[in-house]
>>> print(open('query-v5.cif').read())   # mmCIF, C-alpha atoms
data_work
loop_
_atom_site.label_atom_id
_atom_site.label_comp_id
_atom_site.auth_asym_id
_atom_site.auth_seq_id
_atom_site.Cartn_x
_atom_site.Cartn_y
_atom_site.Cartn_z
CA SER A 1456 3.11 -52.85 205.49
CA LYS A 1457 5.81 -50.20 205.51
CA GLN A 1458 7.87 -52.21 203.04
CA ARG A 1459 4.99 -52.54 200.60
CA ASN A 1460 4.25 -48.84 200.94
CA ALA A 1461 7.91 -48.13 200.18
CA VAL A 1462 7.58 -50.05 196.91
CA GLU A 1463 4.44 -48.12 195.99
CA ASP A 1464 6.08 -44.79 196.88
CA THR A 1465 9.18 -45.58 194.85
CA ILE A 1466 7.25 -46.70 191.79
CA SER A 1467 4.90 -43.72 192.06
CA HIS A 1468 7.85 -41.33 192.20
CA ASN A 1469 9.42 -42.91 189.16
CA ILE A 1470 6.28 -42.75 187.05
CA MET A 1471 5.54 -39.15 188.00
CA THR A 1472 9.03 -37.92 187.15
CA SER A 1473 10.16 -40.31 184.44
CA SER A 1474 11.63 -38.99 181.21
CA PRO A 1475 11.09 -40.38 177.70
CA GLN A 1476 12.62 -43.81 177.28
CA ILE A 1477 15.84 -44.29 175.39
CA TYR A 1478 17.65 -47.48 174.68
CA VAL A 1479 20.55 -47.94 177.06
CA ALA A 1480 23.27 -50.58 176.78
CA PRO A 1481 23.64 -52.81 179.84
CA THR A 1482 26.36 -51.86 182.32
CA SER A 1483 29.04 -54.37 183.17
CA ASP A 1484 28.07 -54.70 186.82
CA THR A 1485 24.43 -55.72 186.50
CA ASP A 1486 22.39 -58.58 185.07
CA ILE A 1487 19.66 -56.19 183.93
CA TYR A 1488 19.64 -55.94 180.14
CA PHE A 1489 17.52 -53.05 178.90
CA GLU A 1490 15.63 -53.70 175.71
CA TYR A 1491 17.52 -52.30 172.74
CA PRO A 1492 16.68 -53.93 169.42
CA SER A 1493 19.36 -55.23 167.14
CA GLU A 1494 20.13 -52.40 164.77
CA CYS A 1495 21.15 -52.32 161.17
CA PRO A 1496 24.88 -51.50 161.30
CA ILE A 1497 24.44 -49.20 158.32
CA CYS A 1498 21.42 -47.02 159.17
CA PHE A 1499 21.09 -47.81 162.90
CA ASP A 1500 17.32 -48.40 162.70
CA GLY A 1501 15.93 -51.56 164.25
CA LEU A 1502 16.61 -54.57 162.04
CA HIS A 1503 13.15 -56.02 162.64
CA ASP A 1504 11.48 -52.85 161.29
CA LYS A 1505 12.32 -53.66 157.66
CA PRO A 1506 13.14 -56.68 155.47
CA CYS A 1507 16.64 -57.95 156.18
CA SER A 1508 19.32 -59.73 154.21
CA VAL A 1509 22.66 -61.51 154.51
CA LEU A 1510 25.76 -61.31 152.32
CA HIS A 1511 26.88 -64.03 149.89
CA ASN A 1512 29.95 -64.51 147.70
CA ALA A 1513 30.03 -65.55 144.05
CA GLU A 1514 29.81 -69.22 145.04
CA GLY A 1515 26.51 -68.57 146.82
CA THR A 1516 27.97 -68.99 150.30
CA ARG A 1517 27.11 -66.67 153.15
CA VAL A 1518 30.29 -64.79 154.05
CA CYS A 1519 29.65 -63.79 157.69
CA LEU A 1520 27.11 -63.75 160.52
CA HIS A 1521 26.12 -60.10 160.06
CA VAL A 1522 22.61 -59.07 159.06
CA PHE A 1523 21.52 -55.80 157.44
CA HIS A 1524 18.41 -54.12 156.12
CA GLN A 1525 18.10 -55.34 152.57
CA GLU A 1526 17.91 -51.84 151.12
CA CYS A 1527 21.04 -50.79 153.03
CA ALA A 1528 23.07 -53.81 151.96
CA GLU A 1529 22.01 -53.34 148.35
CA LEU A 1530 23.15 -49.72 148.52
CA VAL A 1531 26.58 -50.81 149.77
CA LEU A 1532 26.79 -53.29 146.90
CA GLN A 1533 25.76 -50.69 144.32
CA GLN A 1534 28.29 -48.17 145.58
CA SER A 1535 31.12 -50.71 145.63
CA LEU A 1536 30.81 -52.47 142.29
CA ASN A 1537 34.11 -51.23 140.96
CA ALA A 1538 36.18 -51.59 144.12
CA GLY A 1539 34.55 -54.76 145.37
CA ALA A 1540 31.95 -54.81 148.13
CA VAL A 1541 32.88 -55.86 151.66
CA CYS A 1542 30.87 -56.33 154.82
CA PRO A 1543 30.87 -52.99 156.67
CA ILE A 1544 31.56 -54.81 159.94
CA CYS A 1545 34.09 -57.58 159.28
CA ARG A 1546 35.28 -56.60 155.78
CA ALA A 1547 34.46 -60.00 154.29
CA PRO A 1548 34.09 -59.64 150.49
CA PHE A 1549 30.63 -60.28 149.05
CA THR A 1550 28.97 -60.11 145.67
CA LYS A 1551 25.28 -60.66 146.40
CA VAL A 1552 22.61 -59.53 148.86
CA VAL A 1553 20.23 -62.37 149.78
CA PRO A 1554 16.91 -61.69 151.55
CA LEU A 1555 16.22 -63.51 154.81
CA PRO A 1556 13.16 -65.77 154.65
CA SER A 1557 10.50 -65.46 157.34
CA LEU A 1558 10.81 -67.88 160.26
CA LEU A 1559 7.04 -68.29 160.51
CA SER A 1560 6.11 -68.60 156.84
CA ASP A 1561 9.25 -70.31 155.50
CA PRO A 1562 11.00 -72.14 158.35
CA ARG A 1563 13.09 -74.32 156.02
CA GLY A 1564 14.38 -71.30 154.14
CA TRP A 1565 15.01 -69.49 157.44
CA PHE A 1566 16.99 -72.44 158.78
CA GLU A 1567 19.13 -72.75 155.66
CA ALA A 1568 19.82 -69.01 155.61
CA SER A 1569 20.81 -69.09 159.28
CA ASP A 1570 23.11 -72.10 158.88
CA LEU A 1571 26.30 -70.18 158.09
CA ASP A 1572 28.62 -73.16 157.65
CA LYS A 1573 25.98 -75.40 156.02
CA ASP A 1574 26.50 -78.25 158.45
CA GLY A 1575 22.77 -78.89 158.91
CA LYS A 1576 22.59 -77.49 162.43
CA LEU A 1577 22.55 -74.09 164.09
CA THR A 1578 24.86 -72.80 166.78
CA THR A 1579 23.46 -70.45 169.39
CA ASP A 1580 25.02 -67.47 167.58
CA GLU A 1581 23.72 -68.53 164.16
CA ALA A 1582 20.19 -68.80 165.49
CA ARG A 1583 20.12 -65.73 167.70
CA VAL A 1584 21.53 -63.17 165.27
CA VAL A 1585 18.93 -64.01 162.61
CA LEU A 1586 16.08 -64.35 165.10
CA GLU A 1587 16.87 -60.92 166.52
CA SER A 1588 16.84 -59.45 163.02
CA GLN A 1589 13.17 -60.42 162.59
CA PHE A 1590 11.86 -59.93 166.12
CA PRO A 1591 12.75 -57.40 168.85
CA LEU A 1592 13.76 -59.97 171.44
CA THR A 1593 13.88 -58.79 175.04
CA LEU A 1594 15.97 -61.64 176.41
CA SER A 1595 19.04 -61.11 178.54
CA GLN A 1596 21.96 -63.43 177.91
CA LYS A 1597 20.76 -65.54 180.83
CA GLY A 1598 17.27 -65.62 179.36
CA TRP A 1599 18.58 -66.63 175.94
CA ASP A 1600 20.73 -69.36 177.47
CA SER A 1601 17.65 -70.72 179.23
CA VAL A 1602 15.46 -70.87 176.14
CA TRP A 1603 18.35 -72.26 174.07
CA LYS A 1604 18.42 -75.26 176.40
CA VAL A 1605 14.75 -75.80 175.55
CA PHE A 1606 15.37 -75.47 171.80
CA ASP A 1607 18.36 -77.82 171.99
CA LYS A 1608 16.28 -80.85 172.88
CA ASN A 1609 19.12 -83.38 172.87
CA SER A 1610 21.57 -81.01 174.60
CA ASP A 1611 24.30 -81.39 171.99
CA GLY A 1612 24.87 -77.64 171.69
CA TYR A 1613 23.10 -77.30 168.34
CA VAL A 1614 19.58 -76.95 166.97
CA THR A 1615 18.63 -79.08 163.98
CA TYR A 1616 15.72 -78.37 161.65
CA ASP A 1617 13.60 -80.96 163.45
CA GLU A 1618 14.33 -79.22 166.75
CA LEU A 1619 13.54 -75.84 165.18
CA VAL A 1620 10.03 -76.92 164.18
CA ASP A 1621 9.35 -79.17 167.19
CA PRO A 1622 5.74 -78.34 168.16
CA GLY A 1623 6.51 -78.46 171.86
CA SER A 1624 9.98 -77.00 172.32
CA GLY A 1625 11.03 -75.48 168.99
CA VAL A 1626 11.89 -71.91 168.12
CA ILE A 1627 8.65 -71.41 166.18
CA ALA A 1628 6.61 -72.80 169.07
CA TYR A 1629 8.36 -70.38 171.43
CA VAL A 1630 7.63 -67.36 169.23
CA ARG A 1631 3.98 -68.30 168.79
CA LYS A 1632 3.48 -69.20 172.45
CA HIS A 1633 4.84 -65.97 173.84
CA HIS A 1634 4.07 -63.53 171.05
CA GLY A 1635 1.05 -64.74 169.09
CA ARG A 1636 0.51 -67.08 166.18
CA ASP A 1637 1.90 -64.59 163.68
CA GLY A 1638 4.50 -62.96 165.92
CA SER A 1639 2.56 -59.68 165.89
CA ASN A 1640 2.74 -59.23 169.64
CA LEU A 1641 6.49 -59.63 169.51
CA SER A 1642 6.83 -57.18 166.68
CA SER A 1643 4.92 -54.52 168.59
CA GLY A 1644 7.34 -54.84 171.50
CA GLU A 1645 4.74 -53.44 173.91
CA ALA A 1646 3.84 -55.07 177.21
CA PRO A 1647 0.17 -55.59 178.10
CA ASP A 1648 -1.36 -53.07 180.51
CA ILE A 1649 -1.06 -54.61 183.97
CA ARG A 1650 -4.17 -52.74 185.10
CA SER A 1651 -6.37 -54.62 182.65
CA ASN A 1652 -4.53 -57.94 182.28
CA ARG A 1653 -2.13 -58.87 185.04
CA ARG A 1654 -1.57 -62.41 183.80
CA ALA A 1655 -0.59 -61.20 180.32
CA TRP A 1656 1.78 -58.66 181.87
CA PHE A 1657 3.37 -61.41 183.97
CA LEU A 1658 3.83 -63.71 180.98
CA HIS A 1659 5.27 -60.91 178.88
CA TRP A 1660 8.07 -60.28 181.36
CA ASP A 1661 8.69 -63.98 182.06
CA GLU A 1662 11.69 -63.94 179.73
CA ASP A 1663 12.53 -67.63 179.78
CA GLY A 1664 8.91 -68.81 179.85
CA ASN A 1665 9.37 -70.94 182.99
CA GLY A 1666 6.30 -69.60 184.81
CA THR A 1667 8.15 -67.50 187.37
CA LEU A 1668 9.69 -64.05 187.64
CA THR A 1669 13.20 -63.62 189.02
CA ARG A 1670 14.41 -60.46 190.73
CA ASP A 1671 16.13 -59.39 187.52
CA GLU A 1672 13.01 -59.95 185.45
CA ILE A 1673 10.90 -57.95 187.92
CA ILE A 1674 13.33 -55.06 188.07
CA ARG A 1675 13.58 -54.96 184.30
CA ALA A 1676 9.79 -55.12 183.96
CA LEU A 1677 9.32 -52.17 186.32
CA VAL A 1678 12.05 -50.12 184.65
CA LYS A 1679 10.51 -50.74 181.23
CA THR A 1680 6.91 -50.29 182.39
CA PHE A 1681 7.66 -46.85 183.81
CA LYS A 1682 10.20 -45.88 181.14
CA ILE A 1683 13.01 -44.89 183.48
CA SER A 1684 15.90 -46.69 181.75
CA SER A 1685 17.51 -43.36 180.83
CA ASP A 1686 17.89 -42.38 184.50
CA HIS A 1687 20.48 -44.60 186.15
CA GLU A 1688 19.81 -43.17 189.61
CA ARG A 1689 16.14 -44.16 189.46
CA VAL A 1690 17.05 -47.57 188.10
CA ASP A 1691 19.38 -48.09 191.05
CA THR A 1692 16.65 -46.95 193.44
CA MET A 1693 14.20 -49.37 191.88
CA ARG A 1694 16.71 -52.22 192.03
CA ASN A 1695 17.53 -51.55 195.70
CA THR A 1696 13.87 -51.28 196.65
CA VAL A 1697 12.93 -54.55 194.95
CA ASP A 1698 15.92 -56.28 196.54
CA SER A 1699 14.95 -55.08 200.01
CA VAL A 1700 11.29 -56.17 199.85
CA PHE A 1701 11.46 -59.15 197.53
CA GLY A 1702 10.94 -61.58 200.40
CA ILE A 1703 7.45 -60.32 201.27
CA PHE A 1704 6.26 -61.16 197.75
CA ASP A 1705 8.04 -64.53 197.78
CA PRO A 1706 6.41 -66.26 200.78
CA ASP A 1707 7.80 -69.72 199.98
CA GLY A 1708 11.35 -68.40 199.79
CA SER A 1709 12.00 -69.95 196.37
CA GLY A 1710 13.87 -66.93 195.07
CA THR A 1711 11.28 -66.39 192.33
CA ILE A 1712 7.65 -65.23 192.18
CA ASN A 1713 5.14 -67.48 190.46
CA ILE A 1714 1.84 -66.40 188.96
CA ASP A 1715 -0.15 -67.29 192.11
CA GLU A 1716 2.15 -65.26 194.35
CA PHE A 1717 2.07 -62.41 191.85
CA SER A 1718 -1.74 -62.44 191.70
CA ALA A 1719 -2.36 -62.87 195.44
CA THR A 1720 -4.17 -60.17 197.43
CA ASP A 1721 -1.58 -57.53 198.35
CA GLY A 1722 0.92 -59.36 196.16
CA LEU A 1723 3.30 -57.76 193.70
CA GLY A 1724 0.58 -57.33 191.09
CA ASP A 1725 -1.63 -55.37 193.50
CA THR A 1726 1.33 -53.28 194.60
CA ILE A 1727 2.25 -52.26 191.06
CA VAL A 1728 -1.34 -51.47 190.12
CA ALA A 1729 -1.79 -49.42 193.31
CA SER A 1730 1.26 -47.38 192.33
CA LEU A 1731 -0.25 -46.58 188.95
CA VAL A 1732 -3.12 -44.59 190.46
CA PHE A 1733 -0.75 -41.81 191.50
#
>>> encode(input="query-v5.cif", output="structure tokens")
Amino acid sequence: SKQRNAVEDTISHNIMTSSPQIYVAPTSDTDIYFEYPSECPICFDGLHDKPCSVLHNAEGTRVCLHVFHQECAELVLQQSLNAGAVCPICRAPFTKVVPLPSLLSDPRGWFEASDLDKDGKLTTDEARVVLESQFPLTLSQKGWDSVWKVFDKNSDGYVTYDELVDPGSGVIAYVRKHHGRDGSNLSSGEAPDIRSNRRAWFLHWDEDGNGTLTRDEIIRALVKTFKISSDHERVDTMRNTVDSVFGIFDPDGSGTINIDEFSATDGLGDTIVASLVF
């Protein structure tokens, strides 16, 4: 149809003229959150690229939520011995740099390190800031809120250790389900090639793991797939095109596209792949 051809033409134009991808902060008027990894506030490299640490005081208590590369935090401590070291972000005094345990190999240690106030449960902020320091999460705030509801099995607003390690709905189960048993797929941050594995591509961009793609997830997937996040005009064109033709790929009118609709003949998967031949 003309609408489907318009999608192919738009995507083809974007891929032919796209510039190298840069990380762009989300604008205030859109729900699209471009992937930009949590960075070390000291060196500005991705936190997940190197071992990370948190800051403790002399009593062995974590002083703030902030996370840093271990080598960067230790440098701050070394350079501030006489004057007294403080967190570069919130200025909380600290005396010791403590490495963050691995979520996958030491979940108990990870939980205890994440539990800032030592109350035996994690708030959404306590969990997310440490999780993002070890893995380049690609979740929007909406996506995070959705998966947090899964983690928080009893809906009390917190995640306990038992909920963390729950084999069906826990944080570890989520990481392994969506990114491999060892988290290696998550660490790579690269989406599968839709031309060779459409299902894997679909699952990769299904941010909240609910088996469907929303408009926002689709737009974000296309922007990231074709590396056009640095060109706001092309992003707007992609967003407007997807909005205008979304209905033809969503025959049941649910407002989302499931894997069967995505994989159908002349569905969204076919349309994207067809665009890649140009």
>>> closest_residue(input="query-v5.cif", among="A:Asn1665, A:Ser1569, A:Asn1652, A:Gln1534", to="A:Leu1510", atoms="all atoms listed in the file")
A:Ser1569
>>> resolve_selection(input="query-v5.cif", expression="the PyMOL selection byres ((chain A and resi 1710-1714) around 12)", output="VMD selection string")
chain A and resid 1653 to 1661 1664 to 1673 1698 1701 to 1709 1715 to 1719 1722 to 1724
>>> residues_around(input="query-v5.cif", residues="A:Cys1527", least_positions_apart="2", cutoff="12 Å", atoms="only C-alpha atoms", output="PDB file with C-alpha atoms, keeping the file's coordinate frame")
ATOM      1  CA  GLU A1494      20.130 -52.400 164.770  1.00  0.00           C
ATOM      2  CA  CYS A1495      21.150 -52.320 161.170  1.00  0.00           C
ATOM      3  CA  PRO A1496      24.880 -51.500 161.300  1.00  0.00           C
ATOM      4  CA  ILE A1497      24.440 -49.200 158.320  1.00  0.00           C
ATOM      5  CA  CYS A1498      21.420 -47.020 159.170  1.00  0.00           C
ATOM      6  CA  PHE A1499      21.090 -47.810 162.900  1.00  0.00           C
ATOM      7  CA  ASP A1500      17.320 -48.400 162.700  1.00  0.00           C
ATOM      8  CA  LEU A1502      16.610 -54.570 162.040  1.00  0.00           C
ATOM      9  CA  LYS A1505      12.320 -53.660 157.660  1.00  0.00           C
ATOM     10  CA  PRO A1506      13.140 -56.680 155.470  1.00  0.00           C
ATOM     11  CA  CYS A1507      16.640 -57.950 156.180  1.00  0.00           C
ATOM     12  CA  SER A1508      19.320 -59.730 154.210  1.00  0.00           C
ATOM     13  CA  VAL A1509      22.660 -61.510 154.510  1.00  0.00           C
ATOM     14  CA  LEU A1510      25.760 -61.310 152.320  1.00  0.00           C
ATOM     15  CA  VAL A1522      22.610 -59.070 159.060  1.00  0.00           C
ATOM     16  CA  PHE A1523      21.520 -55.800 157.440  1.00  0.00           C
ATOM     17  CA  HIS A1524      18.410 -54.120 156.120  1.00  0.00           C
ATOM     18  CA  GLN A1525      18.100 -55.340 152.570  1.00  0.00           C
ATOM     19  CA  GLU A1529      22.010 -53.340 148.350  1.00  0.00           C
ATOM     20  CA  LEU A1530      23.150 -49.720 148.520  1.00  0.00           C
ATOM     21  CA  VAL A1531      26.580 -50.810 149.770  1.00  0.00           C
ATOM     22  CA  LEU A1532      26.790 -53.290 146.900  1.00  0.00           C
ATOM     23  CA  GLN A1533      25.760 -50.690 144.320  1.00  0.00           C
ATOM     24  CA  GLN A1534      28.290 -48.170 145.580  1.00  0.00           C
ATOM     25  CA  CYS A1542      30.870 -56.330 154.820  1.00  0.00           C
ATOM     26  CA  PRO A1543      30.870 -52.990 156.670  1.00  0.00           C
ATOM     27  CA  VAL A1552      22.610 -59.530 148.860  1.00  0.00           C
ATOM     28  CA  PRO A1554      16.910 -61.690 151.550  1.00  0.00           C
TER      29      PRO A1554
END
>>> closest_residue(input="query-v5.cif", among="A:Val1614, A:Val1626, A:Leu1619, A:Leu1520", to="A:Arg1563", atoms="all atoms listed in the file")
A:Leu1619
>>> resolve_selection(input="query-v5.cif", expression="the PyMOL selection byres ((chain A and resi 1585-1589) around 8)", output="count of residues only")
18
>>> resolve_selection(input="query-v5.cif", expression="the PyMOL selection byres ((chain A and resi 1571) around 9)", output="PyMOL selection string")
chain A and resi 1516-1520+1567-1570+1572-1574+1577+1581
>>> atom_distance(input="query-v5.cif", atom1="atom CA of A:Asp1617", atom2="atom CA of A:Lys1576")
9.7 Å
>>> atom_distance(input="query-v5.cif", atom1="atom CA of A:Gly1575", atom2="atom CA of A:His1521")
19.1 Å
>>> atom_distance(input="query-v5.cif", atom1="atom CA of A:Val1602", atom2="atom CA of A:Ile1674")
19.9 Å
>>> closest_residue(input="query-v5.cif", among="A:Thr1579, A:Asn1512, A:Trp1565, A:Pro1556", to="A:Ala1540", atoms="only C-alpha atoms")
A:Asn1512
>>> closest_residue(input="query-v5.cif", among="A:Asp1600, A:Asp1561, A:Glu1662, A:Asp1721", to="A:Val1620", atoms="all atoms listed in the file")
A:Asp1561
